[in-house]
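What follows is the content of target.cif, which has mmCIF, C-alpha atoms, pLDDT in the B column; chains and numbers go by the auth columns:
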data_target
loop_
_atom_site.group_PDB
_atom_site.id
_atom_site.type_symbol
_atom_site.label_atom_id
_atom_site.label_comp_id
_atom_site.label_asym_id
_atom_site.label_seq_id
_atom_site.Cartn_x
_atom_site.Cartn_y
_atom_site.Cartn_z
_atom_site.B_iso_or_equiv
_atom_site.auth_seq_id
_atom_site.auth_asym_id
ATOM 1 C CA MET A 1 -9.618 5.955 -2.090 95.00 297 A
ATOM 2 C CA GLU A 2 -6.422 4.232 -3.066 96.00 298 A
ATOM 3 C CA LEU A 3 -3.546 2.209 -1.664 97.00 299 A
ATOM 4 C CA ARG A 4 0.003 3.473 -2.060 97.00 300 A
ATOM 5 C CA THR A 5 3.328 1.821 -1.389 95.00 301 A
ATOM 6 C CA ILE A 6 5.302 3.145 1.547 96.00 302 A
ATOM 7 C CA ASP A 7 8.441 5.004 0.554 95.00 303 A
ATOM 8 C CA PRO A 8 10.766 7.754 1.873 95.00 304 A
ATOM 9 C CA ARG A 9 8.158 10.426 1.092 95.00 305 A
ATOM 10 C CA ASN A 10 5.328 8.925 3.177 96.00 306 A
ATOM 11 C CA TYR A 11 6.771 6.552 5.777 94.00 307 A
ATOM 12 C CA GLU A 12 6.429 9.158 8.539 96.00 308 A
ATOM 13 C CA ALA A 13 2.747 9.546 7.634 96.00 309 A
ATOM 14 C CA ALA A 14 2.462 5.764 7.960 96.00 310 A
ATOM 15 C CA LEU A 15 4.093 5.844 11.391 96.00 311 A
ATOM 16 C CA ALA A 16 1.626 8.532 12.498 96.00 312 A
ATOM 17 C CA ILE A 17 -1.428 6.323 11.848 96.00 313 A
ATOM 18 C CA ALA A 18 -2.939 5.442 15.228 95.00 314 A
ATOM 19 C CA VAL A 19 -6.183 3.675 16.105 94.00 315 A
ATOM 20 C CA ARG A 20 -8.409 4.789 18.989 92.00 316 A
ATOM 21 C CA PRO A 21 -6.920 4.194 22.463 93.00 317 A
ATOM 22 C CA ASP A 22 -9.598 1.575 23.260 91.00 318 A
ATOM 23 C CA GLN A 23 -8.405 -0.426 20.211 90.00 319 A
ATOM 24 C CA ALA A 24 -4.678 -0.374 20.992 89.00 320 A
ATOM 25 C CA ASP A 25 -4.810 -3.935 22.365 87.00 321 A
ATOM 26 C CA LEU A 26 -6.402 -5.220 19.135 89.00 322 A
ATOM 27 C CA VAL A 27 -3.787 -4.280 16.542 90.00 323 A
ATOM 28 C CA ALA A 28 -0.040 -3.681 16.591 92.00 324 A
ATOM 29 C CA PRO A 29 1.205 -0.194 15.740 94.00 325 A
ATOM 30 C CA VAL A 30 2.346 0.535 12.198 96.00 326 A
ATOM 31 C CA VAL A 31 6.006 0.682 13.254 95.00 327 A
ATOM 32 C CA LYS A 32 5.876 -3.022 14.212 96.00 328 A
ATOM 33 C CA SER A 33 4.175 -3.861 10.927 96.00 329 A
ATOM 34 C CA LEU A 34 6.879 -2.086 8.942 96.00 330 A
ATOM 35 C CA ALA A 35 9.559 -3.984 10.858 96.00 331 A
ATOM 36 C CA GLU A 36 7.768 -7.259 10.059 95.00 332 A
ATOM 37 C CA ALA A 37 7.455 -6.200 6.411 95.00 333 A
ATOM 38 C CA TYR A 38 11.228 -5.738 6.335 95.00 334 A
ATOM 39 C CA VAL A 39 11.850 -9.161 7.894 94.00 335 A
ATOM 40 C CA TYR A 40 9.325 -11.030 5.732 91.00 336 A
ATOM 41 C CA GLY A 41 10.241 -9.287 2.467 91.00 337 A
ATOM 42 C CA GLU A 42 8.100 -10.399 -0.477 89.00 338 A
ATOM 43 C CA GLN A 43 5.622 -12.192 1.791 93.00 339 A
ATOM 44 C CA ALA A 44 4.515 -8.896 3.341 96.00 340 A
ATOM 45 C CA TRP A 45 2.468 -6.361 1.378 97.00 341 A
ATOM 46 C CA PRO A 46 2.252 -3.077 3.373 97.00 342 A
ATOM 47 C CA ARG A 47 0.276 -0.135 1.989 97.00 343 A
ATOM 48 C CA LEU A 48 -0.975 3.258 3.113 97.00 344 A
ATOM 49 C CA ILE A 49 -4.666 3.965 2.586 97.00 345 A
ATOM 50 C CA TYR A 50 -5.278 7.397 1.100 97.00 346 A
ATOM 51 C CA ASP A 51 -8.363 9.493 0.558 96.00 347 A
ATOM 52 C CA GLY A 52 -7.115 12.008 -1.982 95.00 348 A
ATOM 53 C CA ASP A 53 -3.825 13.257 -0.560 94.00 349 A
ATOM 54 C CA GLN A 54 -4.782 12.407 3.037 95.00 350 A
ATOM 55 C CA PRO A 55 -3.375 9.185 4.589 97.00 351 A
ATOM 56 C CA VAL A 56 -6.235 7.654 6.585 97.00 352 A
ATOM 57 C CA GLY A 57 -4.996 4.170 7.402 97.00 353 A
ATOM 58 C CA PHE A 58 -2.548 1.331 6.962 97.00 354 A
ATOM 59 C CA VAL A 59 -3.079 -2.210 5.714 97.00 355 A
ATOM 60 C CA MET A 60 -0.684 -5.107 5.355 97.00 356 A
ATOM 61 C CA ALA A 61 -1.308 -8.463 3.732 96.00 357 A
ATOM 62 C CA PHE A 62 0.647 -11.668 4.155 95.00 358 A
ATOM 63 C CA LEU A 63 1.181 -13.549 0.902 95.00 359 A
ATOM 64 C CA ASP A 64 1.799 -17.291 0.637 90.00 360 A
ATOM 65 C CA ILE A 65 3.322 -17.518 4.105 87.00 361 A
ATOM 66 C CA PRO A 66 3.939 -20.813 5.957 81.00 362 A
ATOM 67 C CA TRP A 67 1.120 -20.963 8.490 80.00 363 A
ATOM 68 C CA THR A 68 2.589 -22.777 11.498 75.00 364 A
ATOM 69 C CA ASP A 69 6.365 -23.065 10.985 72.00 365 A
ATOM 70 C CA PRO A 70 8.968 -22.125 8.350 70.00 366 A
ATOM 71 C CA ASP A 71 8.901 -25.605 6.759 71.00 367 A
ATOM 72 C CA ASP A 72 5.103 -25.839 6.668 72.00 368 A
ATOM 73 C CA THR A 73 3.430 -26.848 3.416 78.00 369 A
ATOM 74 C CA ASP A 74 0.195 -25.197 4.618 83.00 370 A
ATOM 75 C CA ARG A 75 0.770 -21.788 3.042 87.00 371 A
ATOM 76 C CA ARG A 76 -1.799 -19.040 3.367 91.00 372 A
ATOM 77 C CA SER A 77 -2.486 -15.453 2.369 94.00 373 A
ATOM 78 C CA GLY A 78 -4.608 -12.860 4.072 96.00 374 A
ATOM 79 C CA LEU A 79 -4.944 -9.693 6.065 96.00 375 A
ATOM 80 C CA TRP A 80 -2.078 -9.214 8.505 95.00 376 A
ATOM 81 C CA ARG A 81 -2.826 -5.714 9.823 95.00 377 A
ATOM 82 C CA LEU A 82 -5.511 -3.091 9.457 96.00 378 A
ATOM 83 C CA ASN A 83 -5.070 0.243 11.211 95.00 379 A
ATOM 84 C CA ILE A 84 -7.601 2.944 10.393 96.00 380 A
ATOM 85 C CA ALA A 85 -6.700 6.285 11.984 96.00 381 A
ATOM 86 C CA ALA A 86 -8.941 7.140 14.928 94.00 382 A
ATOM 87 C CA GLY A 87 -10.495 10.185 13.270 91.00 383 A
ATOM 88 C CA HIS A 88 -11.248 8.337 10.032 95.00 384 A
ATOM 89 C CA GLN A 89 -13.052 5.220 11.229 91.00 385 A
ATOM 90 C CA GLY A 90 -16.564 4.465 10.058 89.00 386 A
ATOM 91 C CA SER A 91 -16.036 5.963 6.593 93.00 387 A
ATOM 92 C CA GLY A 92 -15.517 2.775 4.567 95.00 388 A
ATOM 93 C CA TYR A 93 -11.720 2.835 4.532 97.00 389 A
ATOM 94 C CA GLY A 94 -11.401 -0.509 6.302 95.00 390 A
ATOM 95 C CA SER A 95 -13.787 -2.248 3.921 96.00 391 A
ATOM 96 C CA PHE A 96 -11.970 -0.713 0.955 97.00 392 A
ATOM 97 C CA ALA A 97 -8.608 -1.948 2.270 97.00 393 A
ATOM 98 C CA VAL A 98 -9.854 -5.480 2.939 97.00 394 A
ATOM 99 C CA GLU A 99 -11.348 -5.679 -0.559 97.00 395 A
ATOM 100 C CA ALA A 100 -8.039 -4.438 -2.022 97.00 396 A
ATOM 101 C CA VAL A 101 -6.118 -7.133 -0.114 97.00 397 A
ATOM 102 C CA CYS A 102 -8.550 -9.798 -1.350 97.00 398 A
ATOM 103 C CA ALA A 103 -8.145 -8.523 -4.928 96.00 399 A
ATOM 104 C CA GLU A 104 -4.338 -8.718 -4.615 96.00 400 A
ATOM 105 C CA ILE A 105 -4.521 -12.280 -3.294 97.00 401 A
ATOM 106 C CA ARG A 106 -6.922 -13.246 -6.091 96.00 402 A
ATOM 107 C CA ALA A 107 -4.620 -11.636 -8.704 95.00 403 A
ATOM 108 C CA ARG A 108 -1.783 -13.819 -7.404 94.00 404 A
ATOM 109 C CA GLY A 109 -3.896 -16.960 -7.838 94.00 405 A
ATOM 110 C CA GLY A 110 -5.186 -17.257 -4.274 95.00 406 A
ATOM 111 C CA THR A 111 -8.633 -18.659 -3.590 95.00 407 A
ATOM 112 C CA GLN A 112 -8.924 -17.837 0.119 96.00 408 A
ATOM 113 C CA ALA A 113 -8.047 -14.925 2.384 97.00 409 A
ATOM 114 C CA TYR A 114 -7.403 -15.359 6.096 96.00 410 A
ATOM 115 C CA VAL A 115 -7.528 -12.982 9.033 97.00 411 A
ATOM 116 C CA THR A 116 -6.928 -13.374 12.760 94.00 412 A
ATOM 117 C CA TYR A 117 -8.458 -11.210 15.467 94.00 413 A
ATOM 118 C CA HIS A 118 -9.017 -10.931 19.191 90.00 414 A
ATOM 119 C CA GLU A 119 -12.465 -11.960 20.365 89.00 415 A
ATOM 120 C CA ARG A 120 -13.788 -9.341 22.751 89.00 416 A
ATOM 121 C CA GLU A 121 -16.571 -6.807 23.143 87.00 417 A
ATOM 122 C CA GLY A 122 -15.895 -3.981 20.724 85.00 418 A
ATOM 123 C CA GLY A 123 -13.543 -6.145 18.671 88.00 419 A
ATOM 124 C CA PRO A 124 -13.486 -6.553 14.892 92.00 420 A
ATOM 125 C CA ALA A 125 -15.390 -9.873 14.597 94.00 421 A
ATOM 126 C CA PRO A 126 -18.650 -8.265 13.336 95.00 422 A
ATOM 127 C CA PHE A 127 -16.716 -6.159 10.807 94.00 423 A
ATOM 128 C CA TYR A 128 -14.975 -9.204 9.336 96.00 424 A
ATOM 129 C CA ALA A 129 -18.204 -11.237 9.343 96.00 425 A
ATOM 130 C CA ARG A 130 -19.906 -8.495 7.292 96.00 426 A
ATOM 131 C CA LEU A 131 -17.075 -8.810 4.770 96.00 427 A
ATOM 132 C CA GLY A 132 -17.605 -12.558 4.409 96.00 428 A
ATOM 133 C CA PHE A 133 -15.024 -14.007 6.808 97.00 429 A
ATOM 134 C CA ARG A 134 -16.118 -17.017 8.821 97.00 430 A
ATOM 135 C CA PRO A 135 -14.263 -18.543 11.784 97.00 431 A
ATOM 136 C CA THR A 136 -12.388 -21.756 10.964 95.00 432 A
ATOM 137 C CA GLY A 137 -12.352 -23.063 14.541 93.00 433 A
ATOM 138 C CA GLU A 138 -8.587 -22.500 14.730 91.00 434 A
ATOM 139 C CA ILE A 139 -6.836 -20.299 17.265 92.00 435 A
ATOM 140 C CA ALA A 140 -3.459 -18.784 16.338 89.00 436 A
ATOM 141 C CA ASP A 141 -1.439 -16.979 19.012 86.00 437 A
ATOM 142 C CA GLY A 142 -4.631 -16.573 21.059 89.00 438 A
ATOM 143 C CA GLU A 143 -6.598 -15.074 18.148 91.00 439 A
ATOM 144 C CA THR A 144 -9.571 -16.422 16.217 94.00 440 A
ATOM 145 C CA VAL A 145 -8.741 -17.467 12.657 95.00 441 A
ATOM 146 C CA ALA A 146 -11.321 -16.674 9.972 97.00 442 A
ATOM 147 C CA VAL A 147 -11.362 -17.297 6.234 97.00 443 A
ATOM 148 C CA ARG A 148 -13.125 -15.849 3.208 98.00 444 A
ATOM 149 C CA ASP A 149 -13.474 -17.719 -0.071 96.00 445 A
ATOM 150 C CA LEU A 150 -12.386 -15.590 -3.017 96.00 446 A
ATOM 151 C CA GLY A 151 -13.865 -17.733 -5.798 82.00 447 A
#
As structure tokens, what does this structure read like?
Amino acid sequence: MELRTIDPRNYEAALAIAVRPDQADLVAPVVKSLAEAYVYGEQAWPRLIYDGDQPVGFVMAFLDIPWTDPDDTDRRSGLWRLNIAAGHQGSGYGSFAVEAVCAEIRARGGTQAYVTYHEREGGPAPFYARLGFRPTGEIADGETVAVRDLG
């Protein structure tokens, strides 16, 4: 498994990544993430997840982004998006991608990684809890905020 940057050779493969239909309300499609990556520039870190030559998912981190408004001094880094293709879920790709995001944040001097998610039956809360994220008690845009210490 590896992460690769998105470029003219693989962006269509990135756009083709789709989660299961019952998860469509939990995560934005890759096309929206790529638009946000364009708008946020260096603060967005989009990558395709590959198994060999096969793209199996998409992950995007946010790096040192103002948390509540553009002038905010509370700057955070974490997992912005995680889309594992429907036919490739349950094979460890999501865990690999989250660990890679945490490693990137740590390499940039970060000590915490954040994630937000929808609380609902069948949602990602148990997945993130297994990876060490714990809810902070905050709600952002209707989603639970969780944090993982990277120290």
For the file shown, report as a list of chain:residue names the outcome of the PyMOL selection byres ((chain A and resi 307-317) around 9) at residue level. A:Ile302, A:Asp303, A:Pro304, A:Arg305, A:Asn306, A:Asp318, A:Gln319, A:Ala320, A:Asp321, A:Val323, A:Pro325, A:Val326, A:Val327, A:Leu330, A:Arg343, A:Leu344, A:Pro351, A:Val352, A:Gly353, A:Phe354, A:Asn379, A:Ile380, A:Ala381, A:Ala382, A:Gly383, A:Gln385
Coordinates-based distance that separates CA of Thr407 (chain A) from CA of Val443 (chain A) (Å, one decimal): 10.3 Å
Can you report as AutoDock Vina command-line options the centre and edge lengths in Å, to one decimal, of an axis-aligned box around the listed atoms of region 366-383 of chain A padded with 8 Å on each side?
--center_x -0.8 --center_y -8.3 --center_z 8.6 --size_x 35.5 --size_y 53.0 --size_z 28.6
One residue among A:Ser373, A:Thr364, A:Thr412, A:Gln350 is nearest to Tyr389 (chain A) when using all atoms listed in the file, and that residue is A:Gln350
For Glu332 (chain A), list every protein, DNA or RNA residue within 10 Å, evaluated using only C-alpha atoms, and leave out those in the same chain fewer than 6 positions away; present the list as a ChimeraX atom specification. /A:326,339-340,342,356
Shortest contact to Pro431 (chain A), candidates A:Ala403, A:Val411, A:Ala331, A:Ile345, atoms counted only C-alpha atoms, goes to A:Val411
Selected residue of minimal separation from Ala436 (chain A) among A:Glu400, A:Arg372, A:Trp363, A:Gly418, counting only C-alpha atoms: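 Residue with the minimum atom-to-atom distance to Ala436 (chain A): A:Trp363.
We find CA of Arg371 (chain A) and CA of Glu298 (chain A) to be spaced 27.7 Å apart.
The two atoms in question, CA of Asp367 (chain A) and CA of Ala409 (chain A), are spaced 20.5 Å apart.
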Spatial sel., origin (-15.9, -11.2, 8.8), limit 12 Å, all atoms listed in the file, listed as an mmCIF file with C-alpha atoms, keeping the file's coordinate frame:
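File produced: result12.cif:
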data_model
loop_
_atom_site.group_PDB
_atom_site.id
_atom_site.type_symbol
_atom_site.label_atom_id
_atom_site.label_comp_id
_atom_site.auth_asym_id
_atom_site.auth_seq_id
_atom_site.Cartn_x
_atom_site.Cartn_y
_atom_site.Cartn_z
ATOM 1 C CA LEU A 375 -4.944 -9.693 6.065
ATOM 2 C CA GLY A 390 -11.401 -0.509 6.302
ATOM 3 C CA SER A 391 -13.787 -2.248 3.921
ATOM 4 C CA VAL A 394 -9.854 -5.480 2.939
ATOM 5 C CA GLU A 395 -11.348 -5.679 -0.559
ATOM 6 C CA ALA A 409 -8.047 -14.925 2.384
ATOM 7 C CA TYR A 410 -7.403 -15.359 6.096
ATOM 8 C CA VAL A 411 -7.528 -12.982 9.033
ATOM 9 C CA THR A 412 -6.928 -13.374 12.760
ATOM 10 C CA TYR A 413 -8.458 -11.210 15.467
ATOM 11 C CA GLY A 419 -13.543 -6.145 18.671
ATOM 12 C CA PRO A 420 -13.486 -6.553 14.892
ATOM 13 C CA ALA A 421 -15.390 -9.873 14.597
ATOM 14 C CA PRO A 422 -18.650 -8.265 13.336
ATOM 15 C CA PHE A 423 -16.716 -6.159 10.807
ATOM 16 C CA TYR A 424 -14.975 -9.204 9.336
ATOM 17 C CA ALA A 425 -18.204 -11.237 9.343
ATOM 18 C CA ARG A 426 -19.906 -8.495 7.292
ATOM 19 C CA LEU A 427 -17.075 -8.810 4.770
ATOM 20 C CA GLY A 428 -17.605 -12.558 4.409
ATOM 21 C CA PHE A 429 -15.024 -14.007 6.808
ATOM 22 C CA ARG A 430 -16.118 -17.017 8.821
ATOM 23 C CA PRO A 431 -14.263 -18.543 11.784
ATOM 24 C CA THR A 432 -12.388 -21.756 10.964
ATOM 25 C CA THR A 440 -9.571 -16.422 16.217
ATOM 26 C CA VAL A 441 -8.741 -17.467 12.657
ATOM 27 C CA ALA A 442 -11.321 -16.674 9.972
ATOM 28 C CA VAL A 443 -11.362 -17.297 6.234
ATOM 29 C CA ARG A 444 -13.125 -15.849 3.208
ATOM 30 C CA ASP A 445 -13.474 -17.719 -0.071
#
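Distances from A:Ala396, A:Ala333, A:Asp368, A:Leu299 to Asp349 (chain A) were compared using all atoms listed in the file, and the smallest one belongs to A:Leu299.
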Distance criterion (all atoms listed in the file): nearest to Ala324 (chain A) out of A:Leu378, A:Ala393, A:Cys398, A:Leu446: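 Of the candidates, the smallest distance to Ala324 (chain A) is held by A:Leu378.
Take the candidates A:Met297, A:Ala399, A:Ile435, A:Ala357 and check each one against Glu338 (chain A) using only C-alpha atoms; the shortest distance goes to A:Ala357.
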